[in-house]
Structures are given as structure tokens and as C-alpha cells.
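Structure first, then comments.
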Amino acid sequence: MKVSIYNTLTEKIEELIPLEDNLLKVYSCGPTVYDHAHIGNLRYFVFVDILMRTLKNAGYTVYQVMNITDIDDKVIKRSFELNIPFRELSRKYEKLFFEDLKKLKCKIPDKTPRATEEIPTMVKIIESLLKKGIAYKKNGSIYYDISKFKDYGKLSKIDKEQLKAGARVDVDSYDKENPRDFALWKAVKENEPSFDTSVGIGRPGWHIECSAISYKYLGEHFDIHTGGIDLIFPHHENEIAQSEVFCGHKTVNYWVHSEHLFVDGRKMSKSLGNFYTLRSLEEKGYSIDAIRYLFLSAHFKTQLNFTFKSLKNAENTVNNINDFVNRILDAKDGDIDITSQVKKYEEKFFEFLYNNIDITKSLSYMFEIINLANNKGIDNLSKNSLEVIIASFKSFNEIIDVITFESTEIPKKIKELAEKRWQLRKEKNFESADKLRVEIKTKGFVIEDKKDSYIIRKDH
Ligand SMILES: [Zn+2]
């Protein structure tokens, strides 16, 4: 099946045509490992996961590389603040990052190289840029002369009038209003980590890292490059400038960027107190599947406004989908046949998914199946219809991955424990009751207390 996607470079939705047979080579900008990933970062990684799953589902072979930024301004600043070596800091947060990805059911890329282990390739590119006269040395650092690259600004569409030739910037992040010569290599500073190389003693700038890693693992020309929208400038603009001069031609065919996440309509920041990590949401008792569903259910080109209400809604939706699937698994068969409608809706699900990952539309067809089956009465559906519904939901789950295919039957042992807990609560022995709740949860079930009763449900 053909897949099309919005390309930031051409500002168009384009059909993906691999450079090589059926193989799509994908480079995804990875995390800077200096702190816990926040939910804005995680939305991007869930999007990347959905994109990868979609491409594989459509029949492509996908080879994905994602860098780990374990040295840059932020890593160094934080290692100074905490007074721990930068490697210790970055290893710790790298481990936590992969834990977050696994919890969110994001597939781990084929290769995840660390910046600090790829210095020779960065040096090779910097040497070539110096030789080509597009890079220059200044006080032990090496800068990229953006005035010498005629295509500078083609991705971010910056106004070239703004270019200040000769003005330099040493920090890795700066805004679009100030396009300047950026650092490829930063001269060693007191106490900062450094590498002794043929271009001097120092450390690489952030942007050269992605040019080097993508070149080493994917070659001079690859298919897709992903990132959050905030990386378009300066990071990806600079990457294009470096890679295209080094290789002598275009290096990436499709640039794919996912939109921002806001919290209660505002930018997330520690000072506003609206800064959330996966851990902090877990501690508040939200299920990770609900978080995954909330992120994946918004189109990647729309801003996602995170609220606790939307998270609660996502949790209800995930529960409802699972309840539906469980009821289908337990249904008695009747004689109403809806197989052709179900198959049509399944086709629509994938048709919209392959069209610029229009997940919102895709999901609406999944709900059409739920509505149709419920309207007909699940126990009235033919055996064939029930089987086709399960097959469809299994194919949807290849993408969304929040469904557990188990019947709703609650084991007798769980029912007994729940009843015992209810009695303890009535006796106001809350401590023992809570212990039982935990025991039941470890067995994969959760109890929801109502006014005068309780319900047991599977823990999704
Ligand atoms: Zn990058």
C-alpha cells in the first residue's frame, strides 16, 4: 500500500517513494539525556512509533536510527549543577528514557548511537567543511559560514535578509530571528569535557551530531528524517547545511515534524508548575495506555492540548475499547452478519492512516464498528462476524497497541479477594483493605468503588 506524508521541506503531502526497492531508511532525532523526558518529548516519540508501525504495516521494510545526545550545552550545564560527571548523568537518563519508551510501547529503533561514541565521523565532516572553505576557525572553535550556503533557510523558510554574515553563535539553541554562523566544534573550556582530535581539543556542537550519525548509519542519501517542530530551526536547517555541503547533494527526501504539546493551553514549563513526566502521571494513578492513546489519537500536525480531563477521557476510551473486545470474545453467536461492513470500516481505517497518518479519521472507523455491533446486539452477531471483528481489532492494535485480547471472565479467586476487601472496608479496616487492593492489582485487576458497591475490571 502507498503511504503519503506531509513534507516540511516542500510543504506538501507527498507519496513516499523509497530510494531503494521497498526499504525506507529513517533518521529520528533522539533525546538529550540530561533529565526525565517530559510529555511534550514523549508525544513526539509516540508519533514516531505510530509512523514506524504504519510504514511496516503498509509493507515497507524500515530501518530506523535514533541518536542519543549525551553531550551538549544542556548535559554539561546540568552535570555542573548536580556536580556529577556528565557520563554518569547521561547514562542514568538514557536508561530512564528507554524505560519510558518501553512503557509507552514504543518500538526501539534499530540503532541508537550515542554522540560521544561518534566523534570521529563528526571530525571527518568538519575537516571536509574546512577544506571546502565553508567552515572557519576562530579562537579554537570552528564555525559554519551560513552566507556561503545558498540554500540556507530552505527548510525553515527564514527570511534571508535576517542573515548576519560573520555574526556567530556558540550556544546550540537560538531563535529564528537570529540566524548566525553556528559552532561545529567548540574549543575546550575550563572543566568542560573535551575530546582531543585533529580539529582541536574541544567538543562537537549539537547539530553536527545528527549529520554525522545519519551519514554513518544511513549513508549519503536516505528517505525520512523526523523531529519535533521546534527542531526545524536551527537544528535541522543547520543539519541540511552541513550534510549537503559535505555530501555534495540533497541528503534527505522527506522531513517530517510533529507539532507541539501544550498543557492547559500554555507552554509547559517548570516555573508554571505544569511540567509533567511519564513518572509524574503514573504517580497520579493514570494508566500508561491512556497516555499513549491520548498522544496517538491527535493528528501529528495539530497542536495537542494536554489536560487532565482529556487524559481521563482517553482512559475511558481505552477501557471502552477493551470492554467491547472482551464482550466480543465472550459473545454467544447469533445470526446477524455484519462482516462486509466491518471489513469496509477496517479498510477505511488503513486508508486514512496511510494518508498522512490521519489517525483521528482512522479511529472514527474503529468506533463505527463498535457502534454497529452494539446496535445489532453483540449476542445476535454471527460467529463469522465476531471473528472478523476480532481480526479487525487485532490489525488496529498493530498500530495503537492499547488492546488486550482477553475475555471478561473474572477468576473466582479475584472475586473472593474483592469480596473480602469489601467486607474489610465495611469494618473500616482500610489498611488491610488497601493491601488486598494492591494484591488484586498485581494479579491484573482493578477495583472501582461505587457508592454502595464495587466493580472489578481488568487492568489495562
Ligand atoms: Zn538531531
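In the C-alpha cells, each chain is lettered A, B, ... as it comes, each chain's residues begin at 1, and ligands are numbered from 1 in order of appearance.
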Leaving out Thr112 in chain A and any residue of its chain fewer than 4 positions from it, which residues lie within 6 Å of it when counting only C-alpha atoms, given as a PDB file with N, CA and C atoms, in the first residue's frame?
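Written file, out-v9.pdb:
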ATOM      1  N   VAL A  65      17.215   4.793  12.657  1.00  0.00           N
ATOM      2  CA  VAL A  65      18.328   5.180  13.536  1.00  0.00           C
ATOM      3  C   VAL A  65      17.900   6.389  14.359  1.00  0.00           C
ATOM      4  N   MET A  66      18.202   6.348  15.635  1.00  0.00           N
ATOM      5  CA  MET A  66      17.890   7.497  16.504  1.00  0.00           C
ATOM      6  C   MET A  66      19.101   7.780  17.395  1.00  0.00           C
ATOM      7  N   ASN A  67      19.548   9.032  17.369  1.00  0.00           N
ATOM      8  CA  ASN A  67      20.735   9.377  18.164  1.00  0.00           C
ATOM      9  C   ASN A  67      20.376   9.631  19.628  1.00  0.00           C
TER      10      ASN A  67
END
Compile a residue-level contact table for chain A against ligand 1 at a cut-off of 12 Å, reporting for every qualifying residue the shortest atom pair and its distance in Å to one decimal, with only C-alpha atoms and all ligand atoms counted, rows ordered by chain and ascending number, as JSON lines.
{"residue": "A:Tyr27", "atom": "CA", "partner": "ligand 1", "partner_atom_place_in_ligand_line": "1 (Zn)", "distance": 8.6}
{"residue": "A:Ser28", "atom": "CA", "partner": "ligand 1", "partner_atom_place_in_ligand_line": "1 (Zn)", "distance": 7.1}
{"residue": "A:Cys29", "atom": "CA", "partner": "ligand 1", "partner_atom_place_in_ligand_line": "1 (Zn)", "distance": 4.0}
{"residue": "A:Gly30", "atom": "CA", "partner": "ligand 1", "partner_atom_place_in_ligand_line": "1 (Zn)", "distance": 6.5}
{"residue": "A:Pro31", "atom": "CA", "partner": "ligand 1", "partner_atom_place_in_ligand_line": "1 (Zn)", "distance": 8.6}
{"residue": "A:Thr32", "atom": "CA", "partner": "ligand 1", "partner_atom_place_in_ligand_line": "1 (Zn)", "distance": 9.5}
{"residue": "A:Val65", "atom": "CA", "partner": "ligand 1", "partner_atom_place_in_ligand_line": "1 (Zn)", "distance": 10.9}
{"residue": "A:Met66", "atom": "CA", "partner": "ligand 1", "partner_atom_place_in_ligand_line": "1 (Zn)", "distance": 8.5}
{"residue": "A:Asn67", "atom": "CA", "partner": "ligand 1", "partner_atom_place_in_ligand_line": "1 (Zn)", "distance": 7.2}
{"residue": "A:Ile68", "atom": "CA", "partner": "ligand 1", "partner_atom_place_in_ligand_line": "1 (Zn)", "distance": 9.0}
{"residue": "A:Thr69", "atom": "CA", "partner": "ligand 1", "partner_atom_place_in_ligand_line": "1 (Zn)", "distance": 8.3}
{"residue": "A:Asp72", "atom": "CA", "partner": "ligand 1", "partner_atom_place_in_ligand_line": "1 (Zn)", "distance": 11.7}
{"residue": "A:Pro113", "atom": "CA", "partner": "ligand 1", "partner_atom_place_in_ligand_line": "1 (Zn)", "distance": 11.9}
{"residue": "A:Arg114", "atom": "CA", "partner": "ligand 1", "partner_atom_place_in_ligand_line": "1 (Zn)", "distance": 11.7}
{"residue": "A:Ala115", "atom": "CA", "partner": "ligand 1", "partner_atom_place_in_ligand_line": "1 (Zn)", "distance": 10.3}
{"residue": "A:Asp172", "atom": "CA", "partner": "ligand 1", "partner_atom_place_in_ligand_line": "1 (Zn)", "distance": 11.2}
{"residue": "A:Ser173", "atom": "CA", "partner": "ligand 1", "partner_atom_place_in_ligand_line": "1 (Zn)", "distance": 11.9}
{"residue": "A:Gly205", "atom": "CA", "partner": "ligand 1", "partner_atom_place_in_ligand_line": "1 (Zn)", "distance": 11.1}
{"residue": "A:Trp206", "atom": "CA", "partner": "ligand 1", "partner_atom_place_in_ligand_line": "1 (Zn)", "distance": 7.6}
{"residue": "A:His207", "atom": "CA", "partner": "ligand 1", "partner_atom_place_in_ligand_line": "1 (Zn)", "distance": 6.4}
{"residue": "A:Ile208", "atom": "CA", "partner": "ligand 1", "partner_atom_place_in_ligand_line": "1 (Zn)", "distance": 8.5}
{"residue": "A:Glu209", "atom": "CA", "partner": "ligand 1", "partner_atom_place_in_ligand_line": "1 (Zn)", "distance": 7.0}
{"residue": "A:Cys210", "atom": "CA", "partner": "ligand 1", "partner_atom_place_in_ligand_line": "1 (Zn)", "distance": 4.6}
{"residue": "A:Ser211", "atom": "CA", "partner": "ligand 1", "partner_atom_place_in_ligand_line": "1 (Zn)", "distance": 7.8}
{"residue": "A:Ala212", "atom": "CA", "partner": "ligand 1", "partner_atom_place_in_ligand_line": "1 (Zn)", "distance": 10.0}
{"residue": "A:Ile213", "atom": "CA", "partner": "ligand 1", "partner_atom_place_in_ligand_line": "1 (Zn)", "distance": 9.1}
{"residue": "A:Ser214", "atom": "CA", "partner": "ligand 1", "partner_atom_place_in_ligand_line": "1 (Zn)", "distance": 9.1}
{"residue": "A:His225", "atom": "CA", "partner": "ligand 1", "partner_atom_place_in_ligand_line": "1 (Zn)", "distance": 9.1}
{"residue": "A:Thr226", "atom": "CA", "partner": "ligand 1", "partner_atom_place_in_ligand_line": "1 (Zn)", "distance": 8.6}
{"residue": "A:Gly227", "atom": "CA", "partner": "ligand 1", "partner_atom_place_in_ligand_line": "1 (Zn)", "distance": 7.3}
{"residue": "A:Gly228", "atom": "CA", "partner": "ligand 1", "partner_atom_place_in_ligand_line": "1 (Zn)", "distance": 9.7}
{"residue": "A:Ile229", "atom": "CA", "partner": "ligand 1", "partner_atom_place_in_ligand_line": "1 (Zn)", "distance": 11.7}
{"residue": "A:Asp230", "atom": "CA", "partner": "ligand 1", "partner_atom_place_in_ligand_line": "1 (Zn)", "distance": 11.0}
{"residue": "A:Leu231", "atom": "CA", "partner": "ligand 1", "partner_atom_place_in_ligand_line": "1 (Zn)", "distance": 7.6}
{"residue": "A:Ile232", "atom": "CA", "partner": "ligand 1", "partner_atom_place_in_ligand_line": "1 (Zn)", "distance": 9.7}
{"residue": "A:Phe233", "atom": "CA", "partner": "ligand 1", "partner_atom_place_in_ligand_line": "1 (Zn)", "distance": 11.0}
{"residue": "A:Pro234", "atom": "CA", "partner": "ligand 1", "partner_atom_place_in_ligand_line": "1 (Zn)", "distance": 10.3}
{"residue": "A:His235", "atom": "CA", "partner": "ligand 1", "partner_atom_place_in_ligand_line": "1 (Zn)", "distance": 6.5}
{"residue": "A:His236", "atom": "CA", "partner": "ligand 1", "partner_atom_place_in_ligand_line": "1 (Zn)", "distance": 6.9}
{"residue": "A:Glu237", "atom": "CA", "partner": "ligand 1", "partner_atom_place_in_ligand_line": "1 (Zn)", "distance": 10.4}
{"residue": "A:Asn238", "atom": "CA", "partner": "ligand 1", "partner_atom_place_in_ligand_line": "1 (Zn)", "distance": 9.9}
{"residue": "A:Glu239", "atom": "CA", "partner": "ligand 1", "partner_atom_place_in_ligand_line": "1 (Zn)", "distance": 7.8}
{"residue": "A:Ile240", "atom": "CA", "partner": "ligand 1", "partner_atom_place_in_ligand_line": "1 (Zn)", "distance": 10.8}
{"residue": "A:Trp255", "atom": "CA", "partner": "ligand 1", "partner_atom_place_in_ligand_line": "1 (Zn)", "distance": 12.0}
{"residue": "A:His257", "atom": "CA", "partner": "ligand 1", "partner_atom_place_in_ligand_line": "1 (Zn)", "distance": 11.8}
I need the chosen residues saved as a compact mmCIF listing (two decimals), in the first residue's frame, with N, CA and C atoms.
# COMPACT_ATOMS: atom_id res chain seq x y z
N TYR A 27 15.75 8.49 9.86
CA TYR A 27 16.55 9.04 10.96
C TYR A 27 15.63 9.85 11.85
N SER A 28 15.65 9.54 13.14
CA SER A 28 14.82 10.28 14.09
C SER A 28 15.71 10.97 15.11
N CYS A 29 15.55 12.29 15.24
CA CYS A 29 16.32 12.98 16.28
C CYS A 29 15.87 12.42 17.62
N GLY A 30 16.85 12.06 18.42
CA GLY A 30 16.55 11.42 19.70
C GLY A 30 16.63 12.40 20.86
N PRO A 31 16.62 11.85 22.07
CA PRO A 31 16.55 12.70 23.26
C PRO A 31 17.92 13.26 23.66
N THR A 32 17.88 14.39 24.35
CA THR A 32 19.06 14.87 25.06
C THR A 32 18.90 14.35 26.49
N VAL A 65 17.22 4.79 12.66
CA VAL A 65 18.33 5.18 13.54
C VAL A 65 17.90 6.39 14.36
N MET A 66 18.20 6.35 15.64
CA MET A 66 17.89 7.50 16.50
C MET A 66 19.10 7.78 17.40
N ASN A 67 19.55 9.03 17.37
CA ASN A 67 20.73 9.38 18.16
C ASN A 67 20.38 9.63 19.63
N ILE A 68 21.37 9.45 20.47
CA ILE A 68 21.23 9.82 21.87
C ILE A 68 22.22 10.95 22.12
N THR A 69 21.70 12.15 22.42
CA THR A 69 22.59 13.28 22.67
C THR A 69 23.06 13.19 24.12
N ASP A 72 26.08 17.91 25.26
CA ASP A 72 25.72 19.19 24.63
C ASP A 72 25.65 20.22 25.75
N PRO A 113 22.77 5.22 18.36
CA PRO A 113 24.15 5.59 18.69
C PRO A 113 24.22 6.82 19.61
N ARG A 114 25.24 6.78 20.48
CA ARG A 114 25.48 7.93 21.37
C ARG A 114 26.43 8.91 20.69
N ALA A 115 26.16 10.19 20.88
CA ALA A 115 27.00 11.22 20.27
C ALA A 115 28.47 11.05 20.65
N ASP A 172 23.83 26.03 21.33
CA ASP A 172 23.21 25.13 20.36
C ASP A 172 21.80 25.55 19.99
N SER A 173 21.09 26.18 20.92
CA SER A 173 19.71 26.60 20.64
C SER A 173 19.64 28.11 20.56
N GLY A 205 29.50 20.66 18.39
CA GLY A 205 28.21 21.33 18.54
C GLY A 205 27.13 20.27 18.40
N TRP A 206 25.91 20.65 18.74
CA TRP A 206 24.81 19.66 18.71
C TRP A 206 24.45 19.26 17.28
N HIS A 207 24.46 20.25 16.36
CA HIS A 207 23.93 19.98 15.01
C HIS A 207 24.77 18.99 14.21
N ILE A 208 26.08 19.03 14.43
CA ILE A 208 26.97 18.16 13.65
C ILE A 208 26.72 16.69 14.01
N GLU A 209 26.25 16.48 15.21
CA GLU A 209 26.00 15.12 15.70
C GLU A 209 25.03 14.36 14.77
N CYS A 210 23.93 15.02 14.40
CA CYS A 210 22.92 14.32 13.60
C CYS A 210 23.38 14.15 12.15
N SER A 211 24.13 15.13 11.63
CA SER A 211 24.68 14.97 10.27
C SER A 211 25.61 13.76 10.24
N ALA A 212 26.43 13.63 11.28
CA ALA A 212 27.42 12.55 11.31
C ALA A 212 26.76 11.19 11.51
N ILE A 213 25.85 11.11 12.45
CA ILE A 213 25.25 9.80 12.76
C ILE A 213 24.37 9.32 11.60
N SER A 214 23.61 10.24 11.00
CA SER A 214 22.76 9.81 9.89
C SER A 214 23.63 9.37 8.70
N HIS A 225 13.44 11.93 7.62
CA HIS A 225 14.08 12.49 8.82
C HIS A 225 12.95 13.04 9.69
N THR A 226 12.89 12.60 10.94
CA THR A 226 11.82 13.10 11.82
C THR A 226 12.37 13.95 12.96
N GLY A 227 11.49 14.77 13.50
CA GLY A 227 11.84 15.59 14.66
C GLY A 227 10.61 16.33 15.14
N GLY A 228 10.72 16.92 16.32
CA GLY A 228 9.66 17.79 16.80
C GLY A 228 9.75 19.10 16.03
N ILE A 229 8.64 19.81 15.96
CA ILE A 229 8.59 21.03 15.14
C ILE A 229 9.60 22.09 15.60
N ASP A 230 9.94 22.08 16.87
CA ASP A 230 10.90 23.05 17.40
C ASP A 230 12.33 22.79 16.90
N LEU A 231 12.53 21.66 16.24
CA LEU A 231 13.88 21.36 15.73
C LEU A 231 14.10 21.88 14.31
N ILE A 232 13.03 22.37 13.67
CA ILE A 232 13.19 22.82 12.27
C ILE A 232 14.28 23.90 12.19
N PHE A 233 14.19 24.87 13.11
CA PHE A 233 15.24 25.88 13.19
C PHE A 233 15.75 25.97 14.63
N PRO A 234 17.04 26.02 14.86
CA PRO A 234 18.10 25.94 13.85
C PRO A 234 18.57 24.52 13.54
N HIS A 235 18.17 23.55 14.38
CA HIS A 235 18.82 22.23 14.30
C HIS A 235 18.80 21.61 12.90
N HIS A 236 17.61 21.47 12.33
CA HIS A 236 17.55 20.79 11.03
C HIS A 236 18.04 21.66 9.86
N GLU A 237 17.84 22.95 10.00
CA GLU A 237 18.37 23.86 8.98
C GLU A 237 19.89 23.71 8.93
N ASN A 238 20.50 23.65 10.10
CA ASN A 238 21.96 23.53 10.17
C ASN A 238 22.43 22.15 9.70
N GLU A 239 21.62 21.17 10.01
CA GLU A 239 21.97 19.82 9.58
C GLU A 239 22.01 19.74 8.05
N ILE A 240 21.01 20.34 7.41
CA ILE A 240 20.98 20.37 5.94
C ILE A 240 22.23 21.07 5.41
N TRP A 255 11.09 15.41 5.15
CA TRP A 255 11.28 15.93 6.52
C TRP A 255 9.92 15.93 7.20
N HIS A 257 7.77 16.53 10.73
CA HIS A 257 7.83 17.15 12.06
C HIS A 257 6.49 17.07 12.77
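In this comparison, which uses only C-alpha atoms, the residue of A:Ser258, A:Leu184, A:Pro120, A:Lys138 approaching Lys216 in chain A most closely is A:Pro120.
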Considering only C-alpha atoms, return as a short mmCIF file (atom, residue, chain, number, x, y, z; two decimals) with C-alpha atoms, in the first residue's frame whatever protein or nucleic-acid residues lie within 10 Å of Met52 in chain A, sequence-local ones (same chain, fewer than 4 positions apart) excluded.
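And here is the file that came out, part.cif:
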data_model
loop_
_atom_site.label_atom_id
_atom_site.label_comp_id
_atom_site.auth_asym_id
_atom_site.auth_seq_id
_atom_site.Cartn_x
_atom_site.Cartn_y
_atom_site.Cartn_z
CA LEU A 24 12.69 3.15 3.93
CA VAL A 26 14.57 6.73 8.69
CA VAL A 46 4.78 8.10 20.33
CA PHE A 47 4.20 9.77 16.96
CA VAL A 48 7.45 8.30 15.62
CA LYS A 56 5.73 -1.53 8.37
CA ASN A 57 2.00 -2.25 8.19
CA ALA A 58 1.89 -0.81 4.68
CA TYR A 60 7.73 -1.35 3.74
CA THR A 61 10.92 -2.60 5.29
CA VAL A 62 12.02 0.11 7.70
CA TYR A 63 15.48 0.75 9.08
CA GLN A 64 15.48 3.38 11.80
CA CYS A 106 7.20 2.49 21.51
CA LYS A 107 9.35 0.15 19.46
CA PRO A 109 14.85 1.88 16.78
CA ILE A 399 -0.84 0.37 15.33
#
Hey, what's within 9 Å of Val199 in chain A if we count only C-alpha atoms and toss same-chain stuff fewer than 5 positions away? As a PyMOL selection string, please?
chain A and resi 123+126-127+140-142+185
Selection export as a PDB file, in the first residue's frame, atoms kept: N, CA and C atoms:
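Okay, part_38.pdb is ready:
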ATOM      1  N   VAL A 123      34.276  14.677  13.218  1.00  0.00           N
ATOM      2  CA  VAL A 123      35.548  15.326  12.870  1.00  0.00           C
ATOM      3  C   VAL A 123      35.793  15.230  11.362  1.00  0.00           C
ATOM      4  N   ILE A 126      33.681  17.841   9.711  1.00  0.00           N
ATOM      5  CA  ILE A 126      34.197  19.193   9.984  1.00  0.00           C
ATOM      6  C   ILE A 126      35.450  19.462   9.140  1.00  0.00           C
ATOM      7  N   GLU A 127      36.334  18.459   9.065  1.00  0.00           N
ATOM      8  CA  GLU A 127      37.553  18.627   8.249  1.00  0.00           C
ATOM      9  C   GLU A 127      37.199  18.916   6.794  1.00  0.00           C
ATOM     10  N   GLY A 140      40.005  28.818  18.436  1.00  0.00           N
ATOM     11  CA  GLY A 140      39.974  27.391  18.793  1.00  0.00           C
ATOM     12  C   GLY A 140      38.661  26.702  18.483  1.00  0.00           C
ATOM     13  N   SER A 141      37.617  27.488  18.192  1.00  0.00           N
ATOM     14  CA  SER A 141      36.336  26.886  17.804  1.00  0.00           C
ATOM     15  C   SER A 141      36.234  26.892  16.284  1.00  0.00           C
ATOM     16  N   ILE A 142      35.286  26.129  15.769  1.00  0.00           N
ATOM     17  CA  ILE A 142      35.080  26.095  14.312  1.00  0.00           C
ATOM     18  C   ILE A 142      33.612  26.400  14.018  1.00  0.00           C
ATOM     19  N   TRP A 185      32.348  23.008  16.156  1.00  0.00           N
ATOM     20  CA  TRP A 185      33.274  22.465  17.165  1.00  0.00           C
ATOM     21  C   TRP A 185      33.531  23.570  18.177  1.00  0.00           C
TER      22      TRP A 185
END
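Excluding range 405-407 of chain A itself and any same-chain residue fewer than 2 positions from it, the protein and nucleic acid residues within 8 Å of it, counting only C-alpha atoms, are A:Asn322, A:Val325, A:Asn326, A:Arg327, A:Leu329, A:Asp330, A:Ile403, A:Glu409.
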Could you write those residues out with N, CA, C and O atoms, as a PDB file, in the first residue's frame?
ATOM      1  N   ASN A 322     -11.489  -1.848  25.177  1.00  0.00           N
ATOM      2  CA  ASN A 322     -11.160  -3.168  25.723  1.00  0.00           C
ATOM      3  C   ASN A 322     -12.404  -3.928  26.164  1.00  0.00           C
ATOM      4  O   ASN A 322     -12.514  -5.131  25.945  1.00  0.00           O
ATOM      5  N   VAL A 325     -14.031  -5.340  23.088  1.00  0.00           N
ATOM      6  CA  VAL A 325     -13.313  -6.509  22.560  1.00  0.00           C
ATOM      7  C   VAL A 325     -13.547  -7.723  23.461  1.00  0.00           C
ATOM      8  O   VAL A 325     -13.807  -8.831  22.978  1.00  0.00           O
ATOM      9  N   ASN A 326     -13.516  -7.491  24.765  1.00  0.00           N
ATOM     10  CA  ASN A 326     -13.745  -8.605  25.691  1.00  0.00           C
ATOM     11  C   ASN A 326     -15.151  -9.175  25.543  1.00  0.00           C
ATOM     12  O   ASN A 326     -15.348 -10.389  25.600  1.00  0.00           O
ATOM     13  N   ARG A 327     -16.118  -8.291  25.338  1.00  0.00           N
ATOM     14  CA  ARG A 327     -17.501  -8.768  25.184  1.00  0.00           C
ATOM     15  C   ARG A 327     -17.650  -9.554  23.878  1.00  0.00           C
ATOM     16  O   ARG A 327     -18.365 -10.542  23.827  1.00  0.00           O
ATOM     17  N   LEU A 329     -15.301 -11.303  22.535  1.00  0.00           N
ATOM     18  CA  LEU A 329     -14.655 -12.606  22.768  1.00  0.00           C
ATOM     19  C   LEU A 329     -15.567 -13.550  23.543  1.00  0.00           C
ATOM     20  O   LEU A 329     -15.500 -14.758  23.372  1.00  0.00           O
ATOM     21  N   ASP A 330     -16.401 -12.980  24.418  1.00  0.00           N
ATOM     22  CA  ASP A 330     -17.277 -13.812  25.254  1.00  0.00           C
ATOM     23  C   ASP A 330     -18.662 -14.026  24.653  1.00  0.00           C
ATOM     24  O   ASP A 330     -19.497 -14.708  25.245  1.00  0.00           O
ATOM     25  N   ILE A 403      -4.910  -2.559  23.252  1.00  0.00           N
ATOM     26  CA  ILE A 403      -5.986  -3.534  23.471  1.00  0.00           C
ATOM     27  C   ILE A 403      -5.401  -4.851  23.982  1.00  0.00           C
ATOM     28  O   ILE A 403      -4.379  -5.324  23.487  1.00  0.00           O
ATOM     29  N   GLU A 409     -14.145 -12.688  31.688  1.00  0.00           N
ATOM     30  CA  GLU A 409     -14.338 -13.547  32.860  1.00  0.00           C
ATOM     31  C   GLU A 409     -13.391 -13.156  33.997  1.00  0.00           C
ATOM     32  O   GLU A 409     -12.184 -13.122  33.828  1.00  0.00           O
TER      33      GLU A 409
END
When DSSP works through the backbone of this structure, what residues of range 170-382 of chain A end up as strand (DSSP E or B), shown as a ChimeraX atom specification?
/A:181-187,195-197,200-204,222-228,252-258,261-263,266,277,304-306,336,355,381
Restrict the selected residues to C-alpha atoms and save them as a PDB file, in the first residue's frame.
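As written to disk, part_28.pdb reads:
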ATOM      1  CA  ASP A 181      27.199  31.250  11.927  1.00  0.00           C
ATOM      2  CA  PHE A 182      26.906  28.324  14.281  1.00  0.00           C
ATOM      3  CA  ALA A 183      29.515  26.259  16.089  1.00  0.00           C
ATOM      4  CA  LEU A 184      30.566  22.945  14.587  1.00  0.00           C
ATOM      5  CA  TRP A 185      33.274  22.465  17.165  1.00  0.00           C
ATOM      6  CA  LYS A 186      33.620  24.284  20.485  1.00  0.00           C
ATOM      7  CA  ALA A 187      37.053  24.997  21.915  1.00  0.00           C
ATOM      8  CA  PHE A 195      37.958  15.343  23.088  1.00  0.00           C
ATOM      9  CA  ASP A 196      41.441  15.572  21.619  1.00  0.00           C
ATOM     10  CA  THR A 197      41.003  15.407  17.840  1.00  0.00           C
ATOM     11  CA  GLY A 200      41.452  20.614  18.081  1.00  0.00           C
ATOM     12  CA  ILE A 201      40.664  19.906  21.704  1.00  0.00           C
ATOM     13  CA  GLY A 202      37.040  20.574  22.425  1.00  0.00           C
ATOM     14  CA  ARG A 203      33.613  19.146  21.871  1.00  0.00           C
ATOM     15  CA  PRO A 204      31.150  18.992  18.998  1.00  0.00           C
ATOM     16  CA  PHE A 222      18.157   8.484   2.951  1.00  0.00           C
ATOM     17  CA  ASP A 223      14.386   8.692   2.942  1.00  0.00           C
ATOM     18  CA  ILE A 224      12.843  10.180   6.058  1.00  0.00           C
ATOM     19  CA  HIS A 225      14.078  12.489   8.816  1.00  0.00           C
ATOM     20  CA  THR A 226      11.815  13.098  11.817  1.00  0.00           C
ATOM     21  CA  GLY A 227      11.841  15.592  14.658  1.00  0.00           C
ATOM     22  CA  GLY A 228       9.660  17.788  16.804  1.00  0.00           C
ATOM     23  CA  VAL A 252      17.032  13.682   2.935  1.00  0.00           C
ATOM     24  CA  ASN A 253      13.866  13.251   0.853  1.00  0.00           C
ATOM     25  CA  TYR A 254      11.108  13.717   3.437  1.00  0.00           C
ATOM     26  CA  TRP A 255      11.282  15.934   6.517  1.00  0.00           C
ATOM     27  CA  VAL A 256       8.541  15.044   8.978  1.00  0.00           C
ATOM     28  CA  HIS A 257       7.832  17.152  12.065  1.00  0.00           C
ATOM     29  CA  SER A 258       5.276  16.635  14.797  1.00  0.00           C
ATOM     30  CA  LEU A 261       2.089  19.772  23.074  1.00  0.00           C
ATOM     31  CA  PHE A 262       0.599  22.380  25.378  1.00  0.00           C
ATOM     32  CA  VAL A 263      -0.649  21.900  28.907  1.00  0.00           C
ATOM     33  CA  ARG A 266       0.093  27.008  27.845  1.00  0.00           C
ATOM     34  CA  THR A 277       6.802  13.394  33.018  1.00  0.00           C
ATOM     35  CA  LEU A 304      -2.160  18.779  21.327  1.00  0.00           C
ATOM     36  CA  ASN A 305      -3.583  20.474  24.379  1.00  0.00           C
ATOM     37  CA  PHE A 306      -2.982  18.191  27.315  1.00  0.00           C
ATOM     38  CA  ILE A 336     -26.842 -11.329  12.075  1.00  0.00           C
ATOM     39  CA  ASN A 355      -2.991   9.214   4.055  1.00  0.00           C
ATOM     40  CA  LEU A 381     -23.922 -11.426  15.684  1.00  0.00           C
TER      41      LEU A 381
END
Give me, as an MDAnalysis selection string, the residues of range 19-138 of chain A that a backbone DSSP run labels alpha helix (DSSP H).
chainID A and resid 39:57 73:82 86:103 119:131
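For the pair CA of Tyr34 in chain A and CA of Leu51 in chain A, the separation is 26.0 Å.
Going from CA of Phe295 in chain A to CA of Ala314 in chain A covers 9.3 Å.
With only C-alpha atoms as the atoms that count, the minimum distance from Asn375 in chain A to the choices A:Met122, A:Ile338, A:Lys154, A:Asp21 is reached by A:Ile338.
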List as CSV every residue of range 250-363 of chain A that is in contact with range 437-456 of chain A, defined as an atom at most 12 Å from one of its atoms (using only C-alpha atoms), together with the nearest atom pair and the distance in Å rounded to one decimal, sorted by chain and then rising number.
residue,atom,partner,partner_atom,distance
A:Gly285,CA,A:Val446,CA,11.7
A:Ser287,CA,A:Val446,CA,11.5
A:Asn319,CA,A:Val446,CA,11.8
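We find CA of Ile291 in chain A and CA of Asp323 in chain A to be spaced 18.1 Å apart.
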Out of A:Asp337, A:Asp289, A:Asp35, A:Asp170, which residue has the shortest atom-to-atom distance to Thr317 in chain A when counting only C-alpha atoms?
A:Asp289
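The smallest atom-to-atom distance between Asn384 in chain A and any of A:Glu347, A:Glu190, A:Asp333, A:Glu14, using only C-alpha atoms, is found for A:Asp333.
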Quick one: everything within 8 Å of range 95-99 of chain A, counting only C-alpha atoms, minus sequence neighbours fewer than 2 positions away in the same chain. Send it as a PyMOL selection string.
chain A and resi 31+33+36-37+91-93+101-103+108
